[in-house]
file structure-v2.pdb (PDB, C-alpha atoms)
ATOM      1  CA  MET A   1     -31.203 -61.922 -26.008
ATOM      2  CA  ARG A   2     -32.312 -61.584 -22.478
ATOM      3  CA  ASN A   3     -30.268 -61.981 -19.378
ATOM      4  CA  GLY A   4     -30.534 -60.425 -15.937
ATOM      5  CA  PHE A   5     -28.616 -57.238 -16.794
ATOM      6  CA  CYS A   6     -29.315 -56.421 -20.401
ATOM      7  CA  VAL A   7     -32.755 -55.448 -21.643
ATOM      8  CA  LEU A   8     -33.319 -54.223 -25.148
ATOM      9  CA  LEU A   9     -35.192 -50.956 -25.273
ATOM     10  CA  PRO A  10     -37.122 -49.605 -28.209
ATOM     11  CA  ILE A  11     -35.240 -47.055 -30.335
ATOM     12  CA  GLY A  12     -37.820 -44.305 -29.712
ATOM     13  CA  TYR A  13     -37.243 -44.574 -25.979
ATOM     14  CA  LEU A  14     -33.496 -43.942 -26.486
ATOM     15  CA  CYS A  15     -34.190 -40.768 -28.494
ATOM     16  CA  VAL A  16     -36.441 -39.457 -25.709
ATOM     17  CA  MET A  17     -33.757 -40.190 -23.102
ATOM     18  CA  LYS A  18     -31.113 -38.447 -25.202
ATOM     19  CA  LYS A  19     -33.289 -35.316 -25.480
ATOM     20  CA  LEU A  20     -34.034 -35.420 -21.746
ATOM     21  CA  PHE A  21     -30.346 -35.615 -20.789
ATOM     22  CA  THR A  22     -29.480 -32.802 -23.228
ATOM     23  CA  THR A  23     -32.188 -30.595 -21.726
ATOM     24  CA  ILE A  24     -30.994 -31.294 -18.170
ATOM     25  CA  TYR A  25     -27.382 -30.545 -19.177
ATOM     26  CA  ILE A  26     -28.287 -27.194 -20.788
ATOM     27  CA  THR A  27     -30.419 -26.259 -17.751
ATOM     28  CA  LEU A  28     -27.504 -26.920 -15.405
ATOM     29  CA  LEU A  29     -25.226 -24.736 -17.557
ATOM     30  CA  CYS A  30     -27.736 -21.887 -17.411
ATOM     31  CA  LEU A  31     -28.073 -22.198 -13.635
ATOM     32  CA  ASP A  32     -24.312 -21.976 -13.283
ATOM     33  CA  SER A  33     -24.267 -18.719 -15.247
ATOM     34  CA  MET A  34     -26.952 -17.291 -12.933
ATOM     35  CA  ALA A  35     -24.867 -18.122  -9.858
ATOM     36  CA  GLN A  36     -23.469 -15.494  -7.539
ATOM     37  CA  ARG A  37     -20.734 -13.402  -9.114
ATOM     38  CA  GLN A  38     -17.852 -12.449  -6.817
ATOM     39  CA  THR A  39     -15.648  -9.409  -7.240
ATOM     40  CA  VAL A  40     -12.471  -8.563  -5.314
ATOM     41  CA  VAL A  41     -11.748  -5.049  -3.997
ATOM     42  CA  ALA A  42      -7.973  -4.408  -3.799
ATOM     43  CA  ASP A  43      -5.489  -1.628  -3.018
ATOM     44  CA  MET A  44      -4.139  -0.048  -6.205
ATOM     45  CA  ASP A  45      -0.611   0.462  -4.802
ATOM     46  CA  THR A  46      -0.001  -2.848  -3.055
ATOM     47  CA  ARG A  47      -2.477  -5.003  -5.027
ATOM     48  CA  LEU A  48      -3.587  -6.554  -1.718
ATOM     49  CA  PRO A  49      -7.292  -7.269  -1.034
ATOM     50  CA  ILE A  50      -9.157  -4.787   1.174
ATOM     51  CA  ALA A  51     -11.261  -6.311   3.942
ATOM     52  CA  GLY A  52     -14.266  -4.398   5.270
ATOM     53  CA  ALA A  53     -14.895  -2.174   2.249
ATOM     54  CA  VAL A  54     -18.554  -1.146   1.977
ATOM     55  CA  VAL A  55     -20.319  -1.610  -1.360
ATOM     56  CA  SER A  56     -23.515   0.474  -1.543
ATOM     57  CA  THR A  57     -25.698  -0.384  -4.528
ATOM     58  CA  ALA A  58     -28.015   2.002  -6.368
ATOM     59  CA  GLY A  59     -30.947  -0.028  -5.012
ATOM     60  CA  GLY A  60     -29.962   0.763  -1.412
ATOM     61  CA  LYS A  61     -28.402  -2.619  -0.613
ATOM     62  CA  ARG A  62     -25.144  -2.583   1.395
ATOM     63  CA  LEU A  63     -22.541  -5.318   1.051
ATOM     64  CA  THR A  64     -19.237  -5.651   2.912
ATOM     65  CA  THR A  65     -16.098  -7.335   1.623
ATOM     66  CA  ASP A  66     -14.756 -10.305   3.581
ATOM     67  CA  TYR A  67     -11.157 -10.877   4.696
ATOM     68  CA  THR A  68     -10.178 -11.818   1.125
ATOM     69  CA  GLY A  69     -11.667  -8.588  -0.246
ATOM     70  CA  ARG A  70     -14.544 -10.413  -1.956
ATOM     71  CA  PHE A  71     -18.179  -9.427  -2.171
ATOM     72  CA  GLY A  72     -20.946 -10.923  -4.206
ATOM     73  CA  SER A  73     -24.638 -10.666  -4.919
ATOM     74  CA  VAL A  74     -27.130 -12.953  -6.636
ATOM     75  CA  LEU A  75     -29.185  -9.933  -7.679
ATOM     76  CA  PRO A  76     -27.862  -7.850 -10.575
ATOM     77  CA  ILE A  77     -26.218  -4.566  -9.569
ATOM     78  CA  LYS A  78     -26.526  -1.650 -12.008
ATOM     79  CA  SER A  79     -24.097   0.651 -10.207
ATOM     80  CA  ALA A  80     -22.448   0.846  -6.810
ATOM     81  CA  THR A  81     -20.274   3.045  -4.638
ATOM     82  CA  ILE A  82     -17.300   1.407  -2.933
ATOM     83  CA  SER A  83     -15.816   3.110   0.109
ATOM     84  CA  LYS A  84     -13.333   2.364   2.878
ATOM     85  CA  LYS A  85     -11.597   4.566   5.412
ATOM     86  CA  HIS A  86      -8.219   5.863   4.147
ATOM     87  CA  TYR A  87      -9.242   5.156   0.510
ATOM     88  CA  MET A  88     -10.837   7.374  -2.102
ATOM     89  CA  GLN A  89     -14.512   6.588  -2.678
ATOM     90  CA  ARG A  90     -15.212   5.044  -6.089
ATOM     91  CA  ARG A  91     -18.433   4.843  -8.086
ATOM     92  CA  VAL A  92     -18.526   1.876 -10.474
ATOM     93  CA  SER A  93     -20.946   0.899 -13.239
ATOM     94  CA  ASP A  94     -22.325  -2.546 -14.031
ATOM     95  CA  THR A  95     -19.606  -3.145 -16.642
ATOM     96  CA  GLU A  96     -16.887  -2.473 -14.061
ATOM     97  CA  LEU A  97     -18.662  -4.743 -11.573
ATOM     98  CA  ARG A  98     -18.386  -7.599 -14.079
ATOM     99  CA  GLN A  99     -14.600  -7.406 -13.799
ATOM    100  CA  ASP A 100     -12.962  -9.719 -11.291
ATOM    101  CA  THR A 101     -11.019  -6.961  -9.448
ATOM    102  CA  ILE A 102     -11.814  -3.343  -8.585
ATOM    103  CA  PHE A 103      -8.943  -1.195  -7.318
ATOM    104  CA  LEU A 104      -9.269   1.606  -4.761
ATOM    105  CA  ILE A 105      -6.739   4.428  -4.568
ATOM    106  CA  PRO A 106      -5.307   5.090  -1.080
ATOM    107  CA  GLN A 107      -5.736   8.627   0.252
ATOM    108  CA  GLU A 108      -2.523  10.463   0.981
ATOM    109  CA  VAL A 109      -2.295  11.918   4.442
ATOM    110  CA  VAL A 110      -0.635  15.299   4.066
ATOM    111  CA  LEU A 111       0.572  17.162   7.136
ATOM    112  CA  ASN A 112       1.288  20.869   7.321
ATOM    113  CA  ASP A 113       4.863  22.080   7.651
ATOM    114  CA  VAL A 114       6.434  21.234  10.983
ATOM    115  CA  VAL A 115       8.804  23.715  12.614
ATOM    116  CA  VAL A 116      11.086  22.391  15.340
ATOM    117  CA  THR A 117      12.564  24.933  17.735
ATOM    118  CA  ALA A 118      14.776  24.614  20.762
ATOM    119  CA  PRO A 119      14.578  27.120  23.593
ATOM    120  CA  GLY A 120      17.683  29.278  23.992
ATOM    121  CA  PHE A 121      19.376  27.992  20.857
ATOM    122  CA  SER A 122      20.582  30.381  18.194
ATOM    123  CA  PHE A 123      22.915  29.890  15.272
ATOM    124  CA  ASN A 124      25.427  32.578  14.462
ATOM    125  CA  THR A 125      26.436  32.218  10.818
ATOM    126  CA  GLN A 126      29.269  34.776  11.097
ATOM    127  CA  LYS A 127      30.853  32.873  13.981
ATOM    128  CA  ALA A 128      30.534  29.565  12.122
ATOM    129  CA  LEU A 129      32.061  31.051   8.972
ATOM    130  CA  ARG A 130      35.001  32.511  10.967
ATOM    131  CA  SER A 131      35.591  29.117  12.606
ATOM    132  CA  VAL A 132      35.647  27.354   9.246
ATOM    133  CA  LYS A 133      38.109  29.895   7.836
ATOM    134  CA  GLU A 134      40.445  29.491  10.831
ATOM    135  CA  ASN A 135      40.405  25.711  10.578
ATOM    136  CA  ALA A 136      40.989  25.776   6.839
ATOM    137  CA  ALA A 137      43.925  28.216   6.981
ATOM    138  CA  LEU A 138      47.068  26.821   5.429
ATOM    139  CA  PRO A 139      50.454  27.414   7.055
ATOM    140  CA  ASN A 140      52.576  30.347   5.934
ATOM    141  CA  PRO A 141      54.408  29.372   2.722
ATOM    142  CA  ALA A 142      57.577  30.981   4.037
ATOM    143  CA  GLN A 143      57.741  28.363   6.791
ATOM    144  CA  GLY A 144      57.403  25.511   4.300
ATOM    145  CA  PHE A 145      54.928  22.731   3.918
ATOM    146  CA  ASP A 146      54.015  20.915   7.146
ATOM    147  CA  LEU A 147      52.367  17.570   6.339
ATOM    148  CA  LEU A 148      52.194  16.553  10.008
ATOM    149  CA  GLY A 149      50.358  19.791  10.830
ATOM    150  CA  ILE A 150      47.641  18.963   8.278
ATOM    151  CA  VAL A 151      47.254  15.457   9.682
ATOM    152  CA  GLN A 152      46.947  16.894  13.217
ATOM    153  CA  MET A 153      44.253  19.278  11.994
ATOM    154  CA  LEU A 154      42.311  16.419  10.438
ATOM    155  CA  VAL A 155      42.775  13.943  13.296
ATOM    156  CA  PRO A 156      42.377  15.668  16.658
ATOM    157  CA  THR A 157      44.319  14.344  19.638
ATOM    158  CA  LYS A 158      42.706  12.816  22.727
ATOM    159  CA  LYS A 159      43.409  15.975  24.686
ATOM    160  CA  ALA A 160      41.627  18.127  22.084
ATOM    161  CA  LYS A 161      38.672  15.707  21.996
ATOM    162  CA  SER A 162      38.263  15.716  25.762
ATOM    163  CA  ALA A 163      38.509  19.513  25.873
ATOM    164  CA  GLU A 164      35.803  19.824  23.185
ATOM    165  CA  ARG A 165      33.626  17.353  25.059
ATOM    166  CA  CYS A 166      34.014  19.299  28.305
ATOM    167  CA  GLU A 167      33.044  22.524  26.553
ATOM    168  CA  LYS A 168      29.954  20.898  25.025
ATOM    169  CA  ILE A 169      28.866  19.474  28.384
ATOM    170  CA  LYS A 170      29.407  22.842  30.047
ATOM    171  CA  LYS A 171      27.294  24.598  27.399
ATOM    172  CA  ILE A 172      24.526  22.022  27.740
ATOM    173  CA  LEU A 173      24.480  22.376  31.526
ATOM    174  CA  ASP A 174      24.437  26.194  31.247
ATOM    175  CA  ARG A 175      21.390  26.086  28.962
ATOM    176  CA  TYR A 176      19.615  23.528  31.120
TER     177      TYR A 176
END
call {"tool": "encode", "arguments": {"input": "structure-v2.pdb", "output": "structure tokens"}}
result
Amino acid sequence: MRNGFCVLLPIGYLCVMKKLFTTIYITLLCLDSMAQRQTVVADMDTRLPIAGAVVSTAGGKRLTTDYTGRFGSVLPIKSATISKKHYMQRRVSDTELRQDTIFLIPQEVVLNDVVVTAPGFSFNTQKALRSVKENAALPNPAQGFDLLGIVQMLVPTKKAKSAERCEKIKKILDRY
């Protein structure tokens, strides 16, 4: 049967074509496995990618991560050192480089103790203790219980507030 579109081929030719297509398919699979492997460098605390981290390989090659934290190399890497400012440097082996993500630990910035002082300011604990005792004194039990007196102690009047404010301003101006 012969028409313009269909031509019968010998059976041996079909077997050769099947082997050829199988070989091409396997070759393409192998090429895909040899493709560039990409690894992401991320912050261990926030899990966000780190852009600009430097990957120095044992062979002397230097790679830099892009804005997504990725770096990759076609050549195999046996070991590498990953570093970035404000992160602890990390040395990784080839097995760790096969992972999809490598985490860097952020360095803690520790400051020394800070002492804040004000010129001309001193705190007298005895005076403060005496003031607290005077304010907390209860009325004489012989006079009876004065509920309004306690409320007045807790809620100062406008006159008392303005007098306190004037004293504070005067002290501030004296020290200035």
call {"tool": "resolve_selection", "arguments": {"input": "structure-v2.pdb", "expression": "the PyMOL selection byres ((chain A and resi 89) around 12)", "output": "number ranges by chain"}}
result
A: 53-56, 80-88, 90-92, 102-107
call {"tool": "atom_distance", "arguments": {"input": "structure-v2.pdb", "atom1": "CA of Glu164 in chain A", "atom2": "CA of Asn135 in chain A"}}
result
14.7 Å
call {"tool": "axis_aligned_box", "arguments": {"input": "structure-v2.pdb", "around": "range 122-125 of chain A", "padding_each_side": "3 Å", "output": "AutoDock Vina command-line options"}}
result
--center_x 23.5 --center_y 31.2 --center_z 14.5 --size_x 11.9 --size_y 8.7 --size_z 13.4
call {"tool": "resolve_selection", "arguments": {"input": "structure-v2.pdb", "expression": "the PyMOL selection byres ((chain A and resi 52) around 9)", "output": "CSV table (one decimal) with C-alpha atoms, in the coordinates of the input"}}
result
chain,number,residue,atom,x,y,z
A,50,ILE,CA,-9.2,-4.8,1.2
A,51,ALA,CA,-11.3,-6.3,3.9
A,53,ALA,CA,-14.9,-2.2,2.2
A,54,VAL,CA,-18.6,-1.1,2.0
A,64,THR,CA,-19.2,-5.7,2.9
A,65,THR,CA,-16.1,-7.3,1.6
A,66,ASP,CA,-14.8,-10.3,3.6
A,67,TYR,CA,-11.2,-10.9,4.7
A,69,GLY,CA,-11.7,-8.6,-0.2
A,84,LYS,CA,-13.3,2.4,2.9
call {"tool": "closest_residue", "arguments": {"input": "structure-v2.pdb", "among": "A:Thr27, A:Thr117, A:Ser79, A:Thr101", "to": "Lys61 in chain A", "atoms": "only C-alpha atoms"}}
result
A:Ser79
call {"tool": "closest_residue", "arguments": {"input": "structure-v2.pdb", "among": "A:Thr57, A:Thr125, A:Asn112, A:Thr157", "to": "Phe71 in chain A", "atoms": "only C-alpha atoms"}}
result
A:Thr57
call {"tool": "atom_distance", "arguments": {"input": "structure-v2.pdb", "atom1": "CA of Val40 in chain A", "atom2": "CA of Asp94 in chain A"}}
result
14.5 Å
call {"tool": "atom_distance", "arguments": {"input": "structure-v2.pdb", "atom1": "CA of Met44 in chain A", "atom2": "CA of Asp100 in chain A"}}
result
14.0 Å
call {"tool": "closest_residue", "arguments": {"input": "structure-v2.pdb", "among": "A:Lys159, A:Ala128, A:Thr68, A:Lys18", "to": "Asp43 in chain A", "atoms": "all atoms listed in the file"}}
result
A:Thr68
call {"tool": "closest_residue", "arguments": {"input": "structure-v2.pdb", "among": "A:Lys78, A:Gly72, A:Ile24, A:Ser162", "to": "Gly60 in chain A", "atoms": "only C-alpha atoms"}}
result
A:Lys78
call {"tool": "closest_residue", "arguments": {"input": "structure-v2.pdb", "among": "A:Val41, A:Leu48, A:Val151, A:Met17", "to": "Leu63 in chain A", "atoms": "only C-alpha atoms"}}
result
A:Val41
call {"tool": "closest_residue", "arguments": {"input": "structure-v2.pdb", "among": "A:Leu129, A:Lys168, A:Arg70, A:Val114", "to": "Ala42 in chain A", "atoms": "only C-alpha atoms"}}
result
A:Arg70
